[in-house]
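Content type CSV, C-alpha atoms, from the file upload-v9.csv:
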```
chain,number,residue,atom,x,y,z
Z,22,MET,CA,99.0,46.2,159.2
Z,23,ILE,CA,101.1,47.9,161.9
Z,24,ARG,CA,99.2,48.6,165.1
Z,25,VAL,CA,100.0,52.0,166.5
Z,26,LEU,CA,98.9,53.4,169.9
Z,27,VAL,CA,99.2,57.2,170.0
Z,28,VAL,CA,99.3,58.3,173.7
Z,29,HIS,CA,98.7,62.0,174.2
Z,30,SER,CA,97.4,64.0,177.2
Z,31,VAL,CA,95.9,66.6,174.9
Z,32,LYS,CA,92.9,64.9,173.1
Z,33,LEU,CA,92.9,67.2,170.1
Z,34,PHE,CA,96.6,66.4,169.4
Z,35,GLY,CA,96.0,62.7,169.8
Z,36,SER,CA,93.2,62.8,167.3
Z,37,ALA,CA,95.3,65.0,164.9
Z,38,LEU,CA,98.3,62.7,165.0
Z,39,ALA,CA,96.0,59.7,164.3
Z,40,ALA,CA,94.5,61.5,161.3
Z,41,LEU,CA,98.0,62.3,160.1
Z,42,LEU,CA,99.0,58.6,160.3
Z,43,ARG,CA,95.8,57.4,158.7
Z,44,ALA,CA,96.5,59.8,155.8
Z,45,GLU,CA,100.1,58.7,155.4
Z,46,GLY,CA,99.9,55.0,155.5
Z,47,SER,CA,98.0,51.9,156.3
Z,48,PHE,CA,98.1,51.8,160.1
Z,49,ASP,CA,95.7,50.5,162.6
Z,50,VAL,CA,95.7,53.5,164.8
Z,51,ARG,CA,94.2,54.0,168.3
Z,52,VAL,CA,94.4,57.0,170.5
Z,53,ALA,CA,94.5,57.1,174.3
Z,54,PRO,CA,95.4,59.5,177.1
Z,55,GLY,CA,97.2,56.6,178.9
Z,56,LEU,CA,98.0,52.9,178.7
Z,57,SER,CA,94.7,51.6,180.1
Z,58,GLY,CA,91.6,51.1,177.9
Z,59,THR,CA,93.5,51.1,174.7
Z,60,GLY,CA,91.0,49.0,172.8
Z,61,TRP,CA,93.3,46.0,172.1
Z,62,GLY,CA,92.0,43.1,174.2
Z,63,GLY,CA,93.3,39.7,175.1
Z,64,GLY,CA,96.6,40.9,176.5
Z,65,GLU,CA,97.7,42.1,173.0
Z,66,LEU,CA,100.2,44.9,172.6
Z,67,PRO,CA,100.3,47.5,169.8
Z,68,ASP,CA,103.4,47.2,167.6
Z,69,VAL,CA,104.4,50.7,168.2
Z,70,TYR,CA,103.6,53.3,171.0
Z,71,VAL,CA,103.9,56.9,169.9
Z,72,VAL,CA,104.5,59.2,172.9
Z,73,ASP,CA,105.1,62.9,173.1
Z,74,VAL,CA,107.7,63.4,175.8
Z,75,GLU,CA,106.4,66.9,176.6
Z,76,CYS,CA,103.0,65.5,177.6
Z,77,ALA,CA,102.0,65.6,181.2
Z,78,GLY,CA,103.1,62.3,182.9
Z,79,SER,CA,105.2,61.2,180.0
Z,80,ALA,CA,108.1,60.1,182.2
Z,81,THR,CA,105.9,57.6,184.1
Z,82,LEU,CA,104.2,56.5,180.9
Z,83,MET,CA,107.5,55.7,179.2
Z,84,GLN,CA,108.6,53.6,182.2
Z,85,ASP,CA,105.3,51.8,182.1
Z,86,ILE,CA,105.8,51.0,178.4
Z,87,ALA,CA,109.3,49.8,179.0
Z,88,SER,CA,107.9,47.5,181.7
Z,89,ALA,CA,105.0,46.3,179.5
Z,90,ALA,CA,107.4,45.7,176.5
Z,91,PRO,CA,108.6,42.2,175.9
Z,92,GLY,CA,111.6,40.5,177.3
Z,93,ALA,CA,114.0,38.3,175.3
Z,94,ASP,CA,111.3,35.6,174.7
Z,95,HIS,CA,109.2,37.9,172.6
Z,96,ALA,CA,109.5,39.1,169.1
Z,97,PRO,CA,111.7,42.2,169.1
Z,98,HIS,CA,109.2,44.3,167.2
Z,99,LYS,CA,106.3,44.1,169.7
Z,100,GLY,CA,105.5,47.2,171.8
Z,101,ALA,CA,108.3,49.4,170.5
Z,102,LEU,CA,108.4,52.9,171.9
Z,103,LEU,CA,108.7,55.9,169.5
Z,104,VAL,CA,109.0,59.3,171.1
Z,105,LEU,CA,108.2,62.8,169.7
Z,106,VAL,CA,110.9,65.1,170.9
Z,107,THR,CA,112.7,68.4,170.2
Z,108,ALA,CA,116.5,68.9,170.0
Z,109,ASP,CA,116.6,71.7,172.5
Z,110,ARG,CA,115.4,69.6,175.5
Z,111,PRO,CA,118.3,67.2,176.2
Z,112,GLY,CA,116.8,66.2,179.6
Z,113,MET,CA,113.7,64.8,177.7
Z,114,LEU,CA,115.9,63.0,175.2
Z,115,ARG,CA,117.7,61.4,178.2
Z,116,LYS,CA,114.5,60.2,179.8
Z,117,ALA,CA,113.4,58.7,176.5
Z,118,PHE,CA,116.7,57.0,176.1
Z,119,ASP,CA,116.6,55.7,179.6
Z,120,SER,CA,113.1,54.2,178.8
Z,121,ARG,CA,114.7,52.3,175.9
Z,122,ALA,CA,112.8,54.2,173.2
Z,123,LEU,CA,113.6,52.8,169.7
Z,124,GLY,CA,112.4,55.7,167.7
Z,125,TYR,CA,113.1,59.5,168.1
Z,126,VAL,CA,111.2,61.8,165.8
Z,127,ASP,CA,111.9,65.6,165.9
Z,128,LYS,CA,108.6,67.5,166.3
Z,129,ASN,CA,110.2,70.4,164.4
Z,130,ASN,CA,111.3,68.4,161.4
Z,131,GLY,CA,108.6,69.3,158.8
Z,132,ALA,CA,109.5,66.6,156.3
Z,133,GLU,CA,106.3,65.0,155.0
Z,134,GLY,CA,105.7,61.3,155.9
Z,135,ARG,CA,108.4,61.4,158.5
Z,136,LEU,CA,106.4,60.0,161.4
Z,137,ALA,CA,104.9,57.2,159.2
Z,138,ASP,CA,108.4,56.2,157.9
Z,139,ALA,CA,109.8,56.2,161.5
Z,140,ILE,CA,106.9,54.0,162.7
Z,141,ARG,CA,107.6,51.4,159.9
Z,142,ILE,CA,111.2,51.2,160.8
Z,143,VAL,CA,110.7,50.9,164.5
Z,144,ALA,CA,108.0,48.3,163.9
Z,145,LYS,CA,110.7,46.1,162.3
Z,146,GLY,CA,112.7,46.4,165.5
Z,147,GLU,CA,115.2,48.9,164.0
Z,148,ARG,CA,116.3,52.2,165.6
Z,149,PHE,CA,115.2,55.5,164.1
Z,150,VAL,CA,116.7,58.8,165.0
Z,151,ASP,CA,116.0,62.1,163.3
Z,152,GLU,CA,119.4,63.5,162.2
Z,153,SER,CA,118.3,66.9,163.5
Z,154,LEU,CA,118.4,65.5,167.0
Z,155,ALA,CA,122.1,64.6,167.0
Z,156,PHE,CA,123.3,67.6,168.9
Z,157,GLY,CA,120.6,67.2,171.5
Z,158,PHE,CA,121.8,63.7,172.1
Z,159,LEU,CA,125.3,64.9,172.6
Z,160,ARG,CA,124.1,67.2,175.3
Z,161,ALA,CA,121.8,64.6,176.8
Z,162,SER,CA,124.7,62.3,177.4
Z,163,ASP,CA,126.0,64.8,179.9
Z,164,VAL,CA,123.5,65.3,182.7
Z,165,PRO,CA,124.9,68.3,184.7
Z,166,LEU,CA,123.0,67.7,187.9
Z,167,SER,CA,122.9,64.9,190.5
Z,168,ALA,CA,119.7,63.3,191.5
Z,169,ARG,CA,119.6,65.2,194.8
Z,170,GLU,CA,120.3,68.5,193.0
Z,171,LEU,CA,117.4,67.8,190.6
Z,172,THR,CA,115.1,66.9,193.5
Z,173,VAL,CA,115.9,70.1,195.3
Z,174,LEU,CA,115.5,72.2,192.2
Z,175,SER,CA,112.2,70.7,191.3
Z,176,LEU,CA,110.8,71.2,194.8
Z,177,ALA,CA,112.0,74.8,194.6
Z,178,ALA,CA,110.1,75.1,191.3
Z,179,GLU,CA,107.0,74.0,193.1
Z,180,GLY,CA,107.4,76.9,195.4
Z,181,GLN,CA,108.8,75.1,198.5
Z,182,SER,CA,111.1,77.1,200.8
Z,183,ILE,CA,114.5,75.8,202.0
Z,184,GLY,CA,112.8,75.0,205.3
Z,185,ASP,CA,109.9,73.0,203.6
Z,186,MET,CA,112.5,71.0,201.7
Z,187,ALA,CA,114.7,70.4,204.7
Z,188,ARG,CA,111.7,69.0,206.6
Z,189,GLY,CA,110.4,66.9,203.6
Z,190,LEU,CA,113.8,65.5,202.7
Z,191,ARG,CA,115.0,65.1,206.3
Z,192,LEU,CA,118.1,67.1,205.6
Z,193,SER,CA,119.5,70.2,207.4
Z,194,SER,CA,118.7,73.6,205.9
Z,195,GLY,CA,122.4,74.1,205.2
Z,196,THR,CA,122.6,70.9,203.2
Z,197,VAL,CA,119.6,71.9,201.1
Z,198,ARG,CA,121.2,75.3,200.5
Z,199,ASN,CA,124.4,73.6,199.4
Z,200,TYR,CA,122.5,71.4,196.9
Z,201,MET,CA,120.7,74.5,195.6
Z,202,ALA,CA,123.9,76.5,195.3
Z,203,ALA,CA,125.7,73.6,193.4
Z,204,ALA,CA,122.7,73.2,191.0
Z,205,THR,CA,122.7,77.0,190.4
Z,206,ARG,CA,126.4,77.0,189.7
Z,207,LYS,CA,126.4,73.9,187.5
Z,208,VAL,CA,123.7,75.2,185.1
Z,209,GLY,CA,125.4,78.6,184.9
Z,210,ALA,CA,122.4,80.4,186.5
Z,211,ARG,CA,122.4,83.8,188.2
Z,212,ASN,CA,120.1,82.7,191.0
Z,213,ARG,CA,117.6,80.0,192.1
Z,214,MET,CA,114.8,81.2,189.8
Z,215,ASP,CA,117.2,81.3,186.9
Z,216,ALA,CA,118.4,77.8,187.7
Z,217,VAL,CA,114.8,76.5,187.6
Z,218,ARG,CA,114.2,78.3,184.3
Z,219,ILE,CA,117.4,77.0,182.6
Z,220,SER,CA,116.8,73.5,183.9
Z,221,ARG,CA,113.2,73.5,182.7
Z,222,GLU,CA,114.1,74.7,179.3
Z,223,ALA,CA,116.7,72.1,178.9
Z,224,GLY,CA,114.2,69.5,180.0
Z,225,TRP,CA,116.0,68.4,183.1
Z,226,LEU,CA,113.1,69.2,185.3
E,1001,MET,CA,85.4,75.8,150.3
E,1002,ILE,CA,86.6,77.4,153.6
E,1003,ARG,CA,90.2,78.5,153.5
E,1004,VAL,CA,91.9,77.6,156.8
E,1005,LEU,CA,95.4,78.7,157.9
E,1006,VAL,CA,96.7,76.5,160.7
E,1007,VAL,CA,99.5,78.4,162.5
E,1008,HIS,CA,101.6,76.2,164.9
E,1009,SER,CA,105.2,76.6,166.0
E,1010,VAL,CA,105.6,72.8,166.2
E,1011,LYS,CA,105.7,71.5,162.7
E,1012,LEU,CA,104.5,68.0,163.4
E,1013,PHE,CA,101.4,69.4,165.2
E,1014,GLY,CA,100.7,71.8,162.4
E,1015,SER,CA,100.7,68.9,159.9
E,1016,ALA,CA,98.7,66.7,162.2
E,1017,LEU,CA,96.0,69.3,162.7
E,1018,ALA,CA,95.8,69.9,158.9
E,1019,ALA,CA,95.4,66.1,158.4
E,1020,LEU,CA,92.6,66.1,160.9
E,1021,LEU,CA,90.8,68.9,159.1
E,1022,ARG,CA,91.3,67.3,155.7
E,1023,ALA,CA,89.8,64.1,157.1
E,1024,GLU,CA,86.8,65.8,158.6
E,1025,GLY,CA,85.6,68.2,156.0
E,1026,SER,CA,86.2,69.9,152.7
E,1027,PHE,CA,88.6,72.6,153.8
E,1028,ASP,CA,91.4,74.3,151.8
E,1029,VAL,CA,94.1,73.9,154.6
E,1030,ARG,CA,97.5,75.5,154.7
E,1031,VAL,CA,100.0,75.2,157.5
E,1032,ALA,CA,102.6,77.8,158.6
E,1033,PRO,CA,104.8,78.6,161.6
E,1034,GLY,CA,103.8,82.3,161.3
E,1035,LEU,CA,101.8,84.7,159.2
E,1036,SER,CA,104.3,85.2,156.4
E,1037,GLY,CA,104.6,82.9,153.4
E,1038,THR,CA,101.2,81.4,153.9
E,1039,GLY,CA,100.7,80.5,150.3
E,1040,TRP,CA,97.7,82.7,149.6
E,1041,GLY,CA,98.9,85.4,147.3
E,1042,GLY,CA,97.4,88.7,146.1
E,1043,GLY,CA,96.7,90.1,149.5
E,1044,GLU,CA,94.1,87.4,150.1
E,1045,LEU,CA,93.3,86.3,153.6
E,1046,PRO,CA,92.3,82.9,154.8
E,1047,ASP,CA,88.7,82.6,156.1
E,1048,VAL,CA,89.8,81.2,159.4
E,1049,TYR,CA,93.1,81.3,161.3
E,1050,VAL,CA,93.6,78.4,163.7
E,1051,VAL,CA,96.1,79.3,166.5
E,1052,ASP,CA,97.2,77.2,169.5
E,1053,VAL,CA,97.5,79.8,172.3
E,1054,GLU,CA,100.2,77.7,174.0
E,1055,CYS,CA,102.5,78.0,171.0
E,1056,ALA,CA,105.7,80.1,171.3
E,1057,GLY,CA,104.9,83.6,170.2
E,1058,SER,CA,101.1,83.1,170.1
E,1059,ALA,CA,100.4,86.4,171.9
E,1060,THR,CA,102.2,88.5,169.2
E,1061,LEU,CA,100.7,86.3,166.5
E,1062,MET,CA,97.1,86.9,167.7
E,1063,GLN,CA,97.7,90.6,167.8
E,1064,ASP,CA,99.0,90.5,164.2
E,1065,ILE,CA,95.9,88.6,163.1
E,1066,ALA,CA,93.7,91.1,164.9
E,1067,SER,CA,95.5,93.9,162.9
E,1068,ALA,CA,95.4,92.0,159.6
E,1069,ALA,CA,91.7,91.2,160.1
E,1070,PRO,CA,89.2,93.4,158.4
E,1071,GLY,CA,87.6,96.5,159.7
E,1072,ALA,CA,83.9,97.4,159.2
E,1073,ASP,CA,84.1,97.7,155.4
E,1074,HIS,CA,84.9,94.0,154.9
E,1075,ALA,CA,82.8,91.0,155.1
E,1076,PRO,CA,82.7,89.9,158.8
E,1077,HIS,CA,83.7,86.3,158.0
E,1078,LYS,CA,87.1,87.0,156.6
E,1079,GLY,CA,90.2,86.4,158.6
E,1080,ALA,CA,88.4,85.2,161.7
E,1081,LEU,CA,90.5,83.9,164.6
E,1082,LEU,CA,89.9,80.5,166.2
E,1083,VAL,CA,92.0,79.6,169.1
E,1084,LEU,CA,92.9,76.2,170.6
E,1085,VAL,CA,92.9,76.6,174.4
E,1086,THR,CA,92.4,74.7,177.7
E,1087,ALA,CA,90.1,75.7,180.5
E,1088,ASP,CA,92.8,75.7,183.2
E,1089,ARG,CA,94.8,78.6,181.8
E,1090,PRO,CA,92.5,81.7,182.2
E,1091,GLY,CA,95.3,84.1,181.3
E,1092,MET,CA,95.6,82.5,177.9
E,1093,LEU,CA,91.8,82.7,177.4
E,1094,ARG,CA,92.1,86.4,178.3
E,1095,LYS,CA,94.8,87.0,175.7
E,1096,ALA,CA,92.7,85.3,173.1
E,1097,PHE,CA,89.6,87.3,174.1
E,1098,ASP,CA,91.6,90.6,174.0
E,1099,SER,CA,92.7,89.6,170.4
E,1100,ARG,CA,89.1,89.4,169.4
E,1101,ALA,CA,89.1,85.6,168.8
E,1102,LEU,CA,85.7,84.4,167.5
E,1103,GLY,CA,86.2,80.7,168.1
E,1104,TYR,CA,87.4,78.9,171.3
E,1105,VAL,CA,88.0,75.2,171.0
E,1106,ASP,CA,89.0,73.2,174.1
E,1107,LYS,CA,92.0,71.0,173.3
E,1108,ASN,CA,90.9,68.6,175.9
E,1109,ASN,CA,87.4,68.1,174.5
E,1110,GLY,CA,87.7,64.8,172.6
E,1111,ALA,CA,84.4,65.0,170.7
E,1112,GLU,CA,85.0,64.0,167.1
E,1113,GLY,CA,84.6,66.6,164.4
E,1114,ARG,CA,84.6,69.4,167.0
E,1115,LEU,CA,87.3,71.5,165.4
E,1116,ALA,CA,85.7,71.2,161.9
E,1117,ASP,CA,82.3,72.2,163.3
E,1118,ALA,CA,83.8,75.2,165.0
E,1119,ILE,CA,85.6,76.3,161.9
E,1120,ARG,CA,82.4,76.2,159.9
E,1121,ILE,CA,80.6,78.3,162.5
E,1122,VAL,CA,83.4,80.9,162.8
E,1123,ALA,CA,83.7,81.1,159.0
E,1124,LYS,CA,80.1,82.4,159.0
E,1125,GLY,CA,81.1,85.1,161.4
E,1126,GLU,CA,79.5,83.5,164.4
E,1127,ARG,CA,81.0,83.0,167.8
E,1128,PHE,CA,81.9,79.4,168.9
E,1129,VAL,CA,82.8,78.6,172.5
E,1130,ASP,CA,83.3,75.1,173.8
E,1131,GLU,CA,81.0,74.7,176.8
E,1132,SER,CA,83.8,73.1,178.8
E,1133,LEU,CA,85.6,76.5,178.7
E,1134,ALA,CA,82.9,78.4,180.6
E,1135,PHE,CA,84.5,78.2,184.0
E,1136,GLY,CA,87.8,79.2,182.5
E,1137,PHE,CA,86.2,82.3,181.0
E,1138,LEU,CA,84.7,83.2,184.4
E,1139,ARG,CA,88.2,83.1,185.9
E,1140,ALA,CA,89.7,84.9,182.9
E,1141,SER,CA,87.4,87.9,183.5
E,1142,ASP,CA,89.2,88.5,186.7
E,1143,VAL,CA,92.9,89.2,186.1
E,1144,PRO,CA,94.4,89.4,189.5
E,1145,LEU,CA,97.6,91.3,188.6
E,1146,SER,CA,98.3,94.8,187.3
E,1147,ALA,CA,100.5,95.3,184.2
E,1148,ARG,CA,103.5,96.3,186.4
E,1149,GLU,CA,103.1,93.3,188.6
E,1150,LEU,CA,103.0,91.0,185.6
E,1151,THR,CA,106.1,92.7,184.1
E,1152,VAL,CA,108.1,92.3,187.3
E,1153,LEU,CA,106.9,88.7,187.7
E,1154,SER,CA,107.8,87.7,184.1
E,1155,LEU,CA,111.3,89.3,184.5
E,1156,ALA,CA,111.8,87.4,187.7
E,1157,ALA,CA,110.8,84.2,185.9
E,1158,GLU,CA,113.6,85.0,183.4
E,1159,GLY,CA,116.0,85.0,186.3
E,1160,GLN,CA,116.5,88.7,186.7
E,1161,SER,CA,117.4,89.9,190.2
E,1162,ILE,CA,115.6,92.8,192.0
E,1163,GLY,CA,118.6,95.0,191.0
E,1164,ASP,CA,118.5,94.0,187.3
E,1165,MET,CA,114.8,94.9,187.2
E,1166,ALA,CA,115.2,98.2,189.0
E,1167,ARG,CA,117.9,99.2,186.5
E,1168,GLY,CA,115.9,97.9,183.4
E,1169,LEU,CA,112.6,99.5,184.5
E,1170,ARG,CA,114.2,102.7,185.9
E,1171,LEU,CA,112.5,102.1,189.3
E,1172,SER,CA,114.0,101.9,192.8
E,1173,SER,CA,114.7,98.5,194.3
E,1174,GLY,CA,112.1,99.1,196.9
E,1175,THR,CA,109.4,99.7,194.3
E,1176,VAL,CA,110.3,96.6,192.4
E,1177,ARG,CA,110.2,94.7,195.7
E,1178,ASN,CA,106.7,96.1,196.5
E,1179,TYR,CA,105.4,95.0,193.1
E,1180,MET,CA,106.8,91.6,193.7
E,1181,ALA,CA,105.3,91.3,197.2
E,1182,ALA,CA,101.9,92.5,195.9
E,1183,ALA,CA,102.0,89.9,193.1
E,1184,THR,CA,103.0,87.1,195.4
E,1185,ARG,CA,100.2,88.0,197.9
E,1186,LYS,CA,97.5,88.4,195.2
E,1187,VAL,CA,98.0,85.0,193.6
E,1188,GLY,CA,98.2,83.4,197.0
E,1189,ALA,CA,101.8,82.3,196.7
E,1190,ARG,CA,104.3,81.4,199.4
E,1191,ASN,CA,107.2,83.1,197.8
E,1192,ARG,CA,108.5,84.5,194.5
E,1193,MET,CA,109.2,81.2,192.9
E,1194,ASP,CA,105.7,80.0,193.9
E,1195,ALA,CA,104.2,83.2,192.4
E,1196,VAL,CA,105.9,82.5,189.1
E,1197,ARG,CA,104.7,78.9,189.1
E,1198,ILE,CA,101.1,79.8,189.9
E,1199,SER,CA,100.9,82.6,187.4
E,1200,ARG,CA,102.4,80.5,184.7
E,1201,GLU,CA,100.1,77.6,185.3
E,1202,ALA,CA,97.1,80.0,185.1
E,1203,GLY,CA,98.5,81.4,181.9
E,1204,TRP,CA,99.0,84.9,183.2
E,1205,LEU,CA,102.7,84.9,182.3
```
What would the structure in this file look like if it were written as structure tokens?
Amino acid sequence: MIRVLVVHSVKLFGSALAALLRAEGSFDVRVAPGLSGTGWGGGELPDVYVVDVECAGSATLMQDIASAAPGADHAPHKGALLVLVTADRPGMLRKAFDSRALGYVDKNNGAEGRLADAIRIVAKGERFVDESLAFGFLRASDVPLSARELTVLSLAAEGQSIGDMARGLRLSSGTVRNYMAAATRKVGARNRMDAVRISREAGWL
Amino acid sequence: MIRVLVVHSVKLFGSALAALLRAEGSFDVRVAPGLSGTGWGGGELPDVYVVDVECAGSATLMQDIASAAPGADHAPHKGALLVLVTADRPGMLRKAFDSRALGYVDKNNGAEGRLADAIRIVAKGERFVDESLAFGFLRASDVPLSARELTVLSLAAEGQSIGDMARGLRLSSGTVRNYMAAATRKVGARNRMDAVRISREAGWL
């Protein structure tokens, strides 16, 4: 029996995904909003983690799973990460890939039993990628923004002014303005607000 | 047997919610990304529509359901709208309320069987409101922004400049700037970007 931990910040969706899995196969499914208190004691790991990358805190969560996952001395099919993604958010795909996710299921692929099949494959230590995600992966391989540009853009999205950012990042206002201008140009935006919108929709932020 | 139409723009979540309902009660559940092609022929309506207000296009969808729902000459328990919401987005609650939703289920309330219970109540024509949503409703009753301010803010969020908006709305640049300043002040924001962020998080946009 494959042990599956569904991690979702929205409780109703966690329960709903668990119900779907219980209906589609013989899985031992638990649901949790995070990694602690998952119900498996004695240092045991689930066979597969299912994580929605659009959940609040998913980036940190995926990193934690990657750290909790086994090194070379463990069986390769323990604690595998399977992510729920969409093709139109390459930044999210990138984060999942960087967290060594083994399975990638398209939330907009309506094929029945898809998630259950993917879990069975990933539990064997094999990679699973929904074919509808191919184009998203191509785009994800090409991050348009530098780490600094991403930082400045995400602070701007939080409502920080150039002055706030300059103080917080210990940079000159001119430098912050340059990062912002570069980011706006690179994503093909008309202005700052537009750059935030485009970057967010792509999943870079 | 209560007939339930789950409308969700994300296919996997639609299927998962349907699986949850099938596990929790005897419902005749269908899933669709919109109102057309729902599988009930002959002009029949489902007893209850379940709509996630955070779905793409949910505002239009809720209006369409309100229009499709019966007038005074029909039984009151046909075509009732039940929405999935969260307490921290009063603007979304407001939109649901304006669409005459009868049921309000908190997506972050983890109580088992909650959604099924709510559907049974709404199907009888009775109101259902998750108690955890009370505070959100209080906030929702007090929309801070005028329709014009909301329009300007949402165009700004799309990346339009003051000039773009002035042309599109046939207003002077000064007037657009005034609406923007009023909106920024009313939501307690530091600047335009901050106003968009705050309004979006509250669900006004």
Could the residues of chain E within 6 Å of chain Z, counting only C-alpha atoms, be given as a PDB file with C-alpha atoms, in the coordinates of the input, please?
```pdb
ATOM      1  CA  VAL E1010     105.600  72.800 166.200  1.00  0.00           C
ATOM      2  CA  LYS E1011     105.700  71.500 162.700  1.00  0.00           C
ATOM      3  CA  LEU E1012     104.500  68.000 163.400  1.00  0.00           C
ATOM      4  CA  ALA E1016      98.700  66.700 162.200  1.00  0.00           C
ATOM      5  CA  LEU E1017      96.000  69.300 162.700  1.00  0.00           C
ATOM      6  CA  ALA E1019      95.400  66.100 158.400  1.00  0.00           C
ATOM      7  CA  LEU E1020      92.600  66.100 160.900  1.00  0.00           C
ATOM      8  CA  LYS E1107      92.000  71.000 173.300  1.00  0.00           C
ATOM      9  CA  ASN E1108      90.900  68.600 175.900  1.00  0.00           C
ATOM     10  CA  GLY E1110      87.700  64.800 172.600  1.00  0.00           C
ATOM     11  CA  GLY E1159     116.000  85.000 186.300  1.00  0.00           C
ATOM     12  CA  MET E1193     109.200  81.200 192.900  1.00  0.00           C
ATOM     13  CA  ASP E1194     105.700  80.000 193.900  1.00  0.00           C
TER      14      ASP E1194
END
```
* Residue nearest Asp1098 of chain E among E:Asp1130, E:Leu1155, E:Phe1135, E:Ala1059 (counting only C-alpha atoms) -> E:Ala1059
* To do: Might you pull out every residue within 9 Å of Ala161 of chain Z, with all atoms listed in the file counted and same-chain residues fewer than 4 positions away left off, and present them as a list in words?
  => Arg110, Pro111, Gly112, Met113, Leu114, Arg115, Phe156 and Gly157 of chain Z
* **Selection near Gly46 of chain Z, 10 Å with only C-alpha atoms, sequence-local residues under 6 positions removed, as a PyMOL selection string** => chain Z and resi 22-23+134+137-138+141
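Between atom CA of Ala117 of chain Z and atom CA of Ser47 of chain Z the separation is 26.3 Å.
Atom CA of Val106 of chain Z lies 16.0 Å from atom CA of Thr81 of chain Z.
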